[in-house]
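Since the structure comes first, as C-alpha cells, the remarks are kept for the end.
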Amino acid sequence: MATPIAFMNGDYVPLEEAKVGIMTHALHYGTAVFEGIRGNWNPEHETMYIYKLREHYERLLRGCKMLWIDVPYSLDELCEVTAGIVERSGYTEDLYIRPVAYKSQEMVANLNLRSLGDGFFCLAVPFGNYLDASGAISCCVASYRRIDDTMVPPRFKLSGLYLNSILAKTDAIAAGFDEAIMLNMDGHVCEGTGENIFFVHGNTVATPTLESNVLPGITRDTVLRLLEDELGMRVEQRLVDRSELYTADEVFLSGTAAHVQGVGSVDHRPVGNGGVGPVTQRLQELYFPIVRGQNPSYLHECTPVQPKALLGA
C-alpha cells in the first residue's frame, strides 16, 4: 500500500505534513524553480524507472541561479533524495515527481531576491496521461504570445512564468480544443503550453530553435536523437512560420508529462490525415520502451528504484 512521502527542507515527512505558510514569498510572487520528472512503472521488473533524473536537476540548478536560490544539496544528493521519495512512498504506478526550490521567507512587499531565504521540497504523485496519447489531439493558436527572454527567461521552469501557459491552455480548453500552440513575440511558432513542437515535412523534421524562446526540453533532446539515430531523418532547428502548422505532413508535441503526442488538427484544419502520423507513431514505439527501462541500449538513462513494499521492508 502506498504511503505518500515528501522531502522538505532536510527531512522525509508524510505528504500531508509538508506545508508552507500563507506569507511565503514564492506563493505571492511565483519566486520558485520547479521540475516535472516522470517515474515510469515497469510491472515485469517490479521497478520504477525515473527518466533523465540528473538532467532534470541540472536544469533546475541553472534556474536557481536566475532566482538567486541556494539549494543546499549537490546534484548527486538531489538524485538520492528523489529516489528515496519514490522508494519510501511505495507506488506501483506511473508517477509525476515535482521538486521545487523556492523563496521560503515569510515576507511580503519585498522584491529583492538576494535578501530572501531559500527552501526546497520534492514530492511524487500518481500520474497517468497528460494528454490523450491514444490518438491525435486538437490544437489552436493561442492569442497569448510566449514570454520573451528579455521579460522572464523561458529557458527555465520558473513558477511565475507558467501563468503565461496557463492562460493560453485555459482559453484553449474553454474553446473546445485540447491544447494551445503559442507564437513568440516575432510571430514564429514557439511551443505548446507545456510541450515542445515538431513538424514533419517528408524526410525532414523541423523544430523551433532555443532562440525562439522555447524551453530546452529534456524529452525534446531525446526526440531529436531518436529522429536522427534511429529513424535516419534530417532534423532542422530553425524559425518556424505559423503556416507550417496547417501545411506540415505531421505535427507532434513532446514533453515529460505529454511524452510524444500527435496533433490531428490546428484551428480546425486537419494535419495530414487528421490522425497520428507514421513518424509520430514510430517515435512513440521507440520512446515508451526507453523510459520504462525496456530498451537495454538506453537503460543507463533511467534511474531504477524499487518501492519499499516490494523490498520486504
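In the C-alpha cells, chains take letters A, B, ... by order of appearance, with residues numbered from 1 within each chain and ligands from 1 in the order shown.
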For segment 295-298 of chain A, work out the shell of residues within 12 Å, counting only C-alpha atoms and skipping chain neighbours fewer than 5 positions away, then give it as a list of chain:residue names.
A:Asn42, A:Tyr49, A:Tyr51, A:Lys52, A:Thr222, A:Arg225, A:Leu226, A:Glu230, A:Glu285, A:Leu286, A:Tyr287, A:Phe288, A:Pro289, A:Ile290, A:Thr303
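Contact shell of Gly90 of chain A at 8 Å (only C-alpha atoms; same-chain neighbours under 3 positions omitted): Met1, Ala2, Thr3, Pro4, Val86, Glu87, Pro307, Lys308, Ala309 and Leu310 of chain A.
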Write the residues of the preceding selection, restricted to N, CA, C and O atoms, as a CSV table (one decimal), in the first residue's frame.
chain,number,residue,atom,x,y,z
A,1,MET,N,0.8,-1.2,0.0
A,1,MET,CA,0.0,0.0,0.0
A,1,MET,C,0.9,1.3,0.0
A,1,MET,O,1.9,1.3,0.7
A,2,ALA,N,0.6,2.2,-0.9
A,2,ALA,CA,1.4,3.4,-1.0
A,2,ALA,C,1.2,4.3,0.2
A,2,ALA,O,0.1,4.5,0.8
A,3,THR,N,2.3,4.9,0.7
A,3,THR,CA,2.2,5.9,1.8
A,3,THR,C,3.0,7.1,1.3
A,3,THR,O,4.2,7.2,1.4
A,4,PRO,N,2.3,8.1,0.8
A,4,PRO,CA,2.9,9.3,0.1
A,4,PRO,C,3.9,10.0,1.1
A,4,PRO,O,3.5,10.4,2.2
A,86,VAL,N,10.6,8.0,-3.9
A,86,VAL,CA,9.9,7.0,-4.7
A,86,VAL,C,9.9,5.7,-3.9
A,86,VAL,O,8.9,5.0,-3.9
A,87,GLU,N,11.1,5.3,-3.3
A,87,GLU,CA,11.2,4.1,-2.6
A,87,GLU,C,10.3,4.1,-1.4
A,87,GLU,O,9.5,3.1,-1.2
A,307,PRO,N,10.1,0.1,-5.1
A,307,PRO,CA,9.3,0.6,-3.9
A,307,PRO,C,9.6,-0.2,-2.7
A,307,PRO,O,9.8,-1.5,-2.8
A,308,LYS,N,9.5,0.4,-1.5
A,308,LYS,CA,9.9,-0.2,-0.3
A,308,LYS,C,9.0,-1.4,0.0
A,308,LYS,O,9.5,-2.4,0.5
A,309,ALA,N,7.8,-1.4,-0.3
A,309,ALA,CA,6.9,-2.5,0.0
A,309,ALA,C,7.3,-3.8,-0.7
A,309,ALA,O,7.1,-4.9,-0.2
A,310,LEU,N,7.9,-3.6,-1.9
A,310,LEU,CA,8.4,-4.8,-2.7
A,310,LEU,C,9.8,-5.3,-2.2
A,310,LEU,O,10.2,-6.3,-2.6
As a ChimeraX atom specification, please: every residue in segment 92-217 of chain A that a backbone DSSP assignment puts in strand (DSSP E).
/A:95-103,118-126,137-141,179-183,189-192,196-201,204-208
Smallest atom-to-atom distance to Leu161 of chain A: which of A:Val214, A:Ile147, A:Leu224, A:Ala6, using only C-alpha atoms?
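Among the listed residues, A:Ile147 lies closest to Leu161 of chain A.
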Using only C-alpha atoms, tabulate the residues of segment 78-177 of chain A lying at most 12 Å from any atom of segment 62-72 of chain A, each with its closest atom pair and that distance in Å to one decimal, by chain and increasing residue number, as a Markdown table.
| residue | atom | partner | partner_atom | distance |
| --- | --- | --- | --- | --- |
| A:Leu78 | CA | A:Val71 | CA | 9.4 |
| A:Pro99 | CA | A:Val71 | CA | 11.4 |
| A:Val100 | CA | A:Cys64 | CA | 10.0 |
| A:Ala101 | CA | A:Val71 | CA | 7.0 |
| A:Tyr102 | CA | A:Ile69 | CA | 7.0 |
| A:Lys103 | CA | A:Ile69 | CA | 7.1 |
| A:Ser104 | CA | A:Ile69 | CA | 9.9 |
| A:Gln105 | CA | A:Ile69 | CA | 11.7 |
| A:Leu111 | CA | A:Leu67 | CA | 11.3 |
| A:Asn112 | CA | A:Trp68 | CA | 9.8 |
| A:Leu113 | CA | A:Trp68 | CA | 6.3 |
| A:Arg114 | CA | A:Trp68 | CA | 6.1 |
| A:Ser115 | CA | A:Trp68 | CA | 9.4 |
| A:Leu116 | CA | A:Ile69 | CA | 8.8 |
| A:Gly117 | CA | A:Ile69 | CA | 8.0 |
| A:Asp118 | CA | A:Ile69 | CA | 5.9 |
| A:Gly119 | CA | A:Val71 | CA | 7.3 |
| A:Phe120 | CA | A:Val71 | CA | 6.9 |
| A:Phe121 | CA | A:Val71 | CA | 10.2 |
| A:Asp149 | CA | A:Met66 | CA | 11.9 |
| A:Val152 | CA | A:Met66 | CA | 9.8 |
| A:Pro153 | CA | A:Met66 | CA | 8.4 |
| A:Pro154 | CA | A:Gly63 | CA | 9.9 |
| A:Arg155 | CA | A:Gly63 | CA | 8.2 |
| A:Phe156 | CA | A:Gly63 | CA | 5.3 |
| A:Lys157 | CA | A:Gly63 | CA | 6.9 |
| A:Leu158 | CA | A:Gly63 | CA | 7.1 |
| A:Ser159 | CA | A:Gly63 | CA | 10.5 |
| A:Gly160 | CA | A:Leu67 | CA | 11.3 |
| A:Leu161 | CA | A:Gly63 | CA | 11.9 |
Take the residues from that selection and put them in a file with C-alpha atoms, as a compact mmCIF listing (two decimals), in the first residue's frame.
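Result file is part.txt:
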# COMPACT_ATOMS: atom_id res chain seq x y z
CA LEU A 78 19.18 15.64 -5.11
CA PRO A 99 10.96 19.13 -6.94
CA VAL A 100 10.64 22.82 -6.09
CA ALA A 101 13.32 25.26 -4.96
CA TYR A 102 11.68 28.41 -3.68
CA LYS A 103 11.98 31.65 -1.79
CA SER A 104 10.77 30.43 1.58
CA GLN A 105 10.90 33.61 3.67
CA LEU A 111 11.10 42.34 -4.43
CA ASN A 112 14.82 41.84 -3.74
CA LEU A 113 15.60 38.17 -4.35
CA ARG A 114 19.01 38.40 -2.73
CA SER A 115 17.56 39.33 0.67
CA LEU A 116 15.24 36.31 0.95
CA GLY A 117 15.71 32.83 2.41
CA ASP A 118 15.51 29.64 0.36
CA GLY A 119 13.76 26.30 0.69
CA PHE A 120 13.47 23.02 -1.16
CA PHE A 121 10.88 20.27 -1.29
CA ASP A 149 13.81 36.15 -22.74
CA VAL A 152 11.31 36.47 -17.97
CA PRO A 153 13.81 33.85 -19.19
CA PRO A 154 11.73 30.99 -20.68
CA ARG A 155 14.61 28.51 -20.73
CA PHE A 156 13.93 27.60 -17.10
CA LYS A 157 10.87 26.26 -15.30
CA LEU A 158 10.17 29.33 -13.20
CA SER A 159 6.85 29.16 -11.36
CA GLY A 160 5.65 32.67 -12.12
CA LEU A 161 6.39 32.25 -15.83
From the set A:Asp221, A:Glu44, A:Asp11, A:Glu58, which residue has the shortest atom-to-atom contact distance to Ser74 of chain A, counting only C-alpha atoms?
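Smallest distance to Ser74 of chain A is found for A:Glu58.
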Which value, in Å to one decimal, gives the distance between atom CA of Thr82 of chain A and atom CA of Ile97 of chain A?
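Between atom CA of Thr82 of chain A and atom CA of Ile97 of chain A the gap works out to 8.0 Å.
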Could you tell me which of A:Glu55, A:Glu179, A:Asp229, A:Glu46 comes closest to Leu131 of chain A if we count only C-alpha atoms?
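Counting only C-alpha atoms, the residue closest to Leu131 of chain A is A:Glu179.
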DSSP on the backbone: which residues in segment 72-251 of chain A end up as helix (DSSP H, G or I)? Give the answer as a ChimeraX atom specification.
/A:75-89,113-115,159-174,210-212,218-230,244-247
Quick one: residues within 7 Å of Ile181 of chain A, only C-alpha atoms, excluding same-chain residues fewer than 4 positions away - as a PyMOL selection string?
chain A and resi 139-142+191-193
Please identify all polymer residues within 7 Å of segment 251-256 of chain A, counting only C-alpha atoms, omitting same-chain residues fewer than 3 positions from it, and present them as a PyMOL selection string.
chain A and resi 36-38+194-200+217+219-220+248+259-263+271+280
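For the choices A:Leu183, A:Val81, A:Ala174, A:Leu283, the atom-to-atom distance to Glu228 of chain A is smallest for A:Leu283 when using only C-alpha atoms.
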Between A:Phe34, A:Phe177, A:Tyr73, A:Tyr130, which is the closest to Gly10 of chain A once you count only C-alpha atoms?
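Smallest separation from Gly10 of chain A among the options: A:Tyr73.
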What does the distance from atom CA of Gly264 of chain A to atom CA of Thr247 of chain A come to in Å, to one decimal?
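Atom CA of Thr247 of chain A lies at a distance of 12.0 Å from atom CA of Gly264 of chain A.
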Write out as a VMD selection string which residues come within 8 Å of Glu106 of chain A when counting only C-alpha atoms, dropping same-chain ones fewer than 4 positions away.
chain A and resid 21 to 25
Keeping only N, CA and C atoms, take the residues you just selected and write them out as an mmCIF file, in the first residue's frame.
data_model
loop_
_atom_site.group_PDB
_atom_site.id
_atom_site.type_symbol
_atom_site.label_atom_id
_atom_site.label_comp_id
_atom_site.auth_asym_id
_atom_site.auth_seq_id
_atom_site.Cartn_x
_atom_site.Cartn_y
_atom_site.Cartn_z
ATOM 1 N N GLY A 21 3.706 28.347 4.816
ATOM 2 C CA GLY A 21 2.826 29.369 5.368
ATOM 3 C C GLY A 21 2.245 30.278 4.298
ATOM 4 N N ILE A 22 1.144 30.939 4.630
ATOM 5 C CA ILE A 22 0.467 31.780 3.635
ATOM 6 C C ILE A 22 1.230 33.057 3.328
ATOM 7 N N MET A 23 2.276 33.370 4.118
ATOM 8 C CA MET A 23 3.097 34.544 3.815
ATOM 9 C C MET A 23 4.346 34.189 3.003
ATOM 10 N N THR A 24 4.487 32.930 2.630
ATOM 11 C CA THR A 24 5.674 32.503 1.886
ATOM 12 C C THR A 24 5.831 33.306 0.602
ATOM 13 N N HIS A 25 7.028 33.828 0.398
ATOM 14 C CA HIS A 25 7.291 34.731 -0.727
ATOM 15 C C HIS A 25 6.933 34.084 -2.068
#
Here is a test: counting only C-alpha atoms, which residue of A:His268, A:His188, A:Arg292, A:Arg59 is nearest to Ser243 of chain A?
A:His188
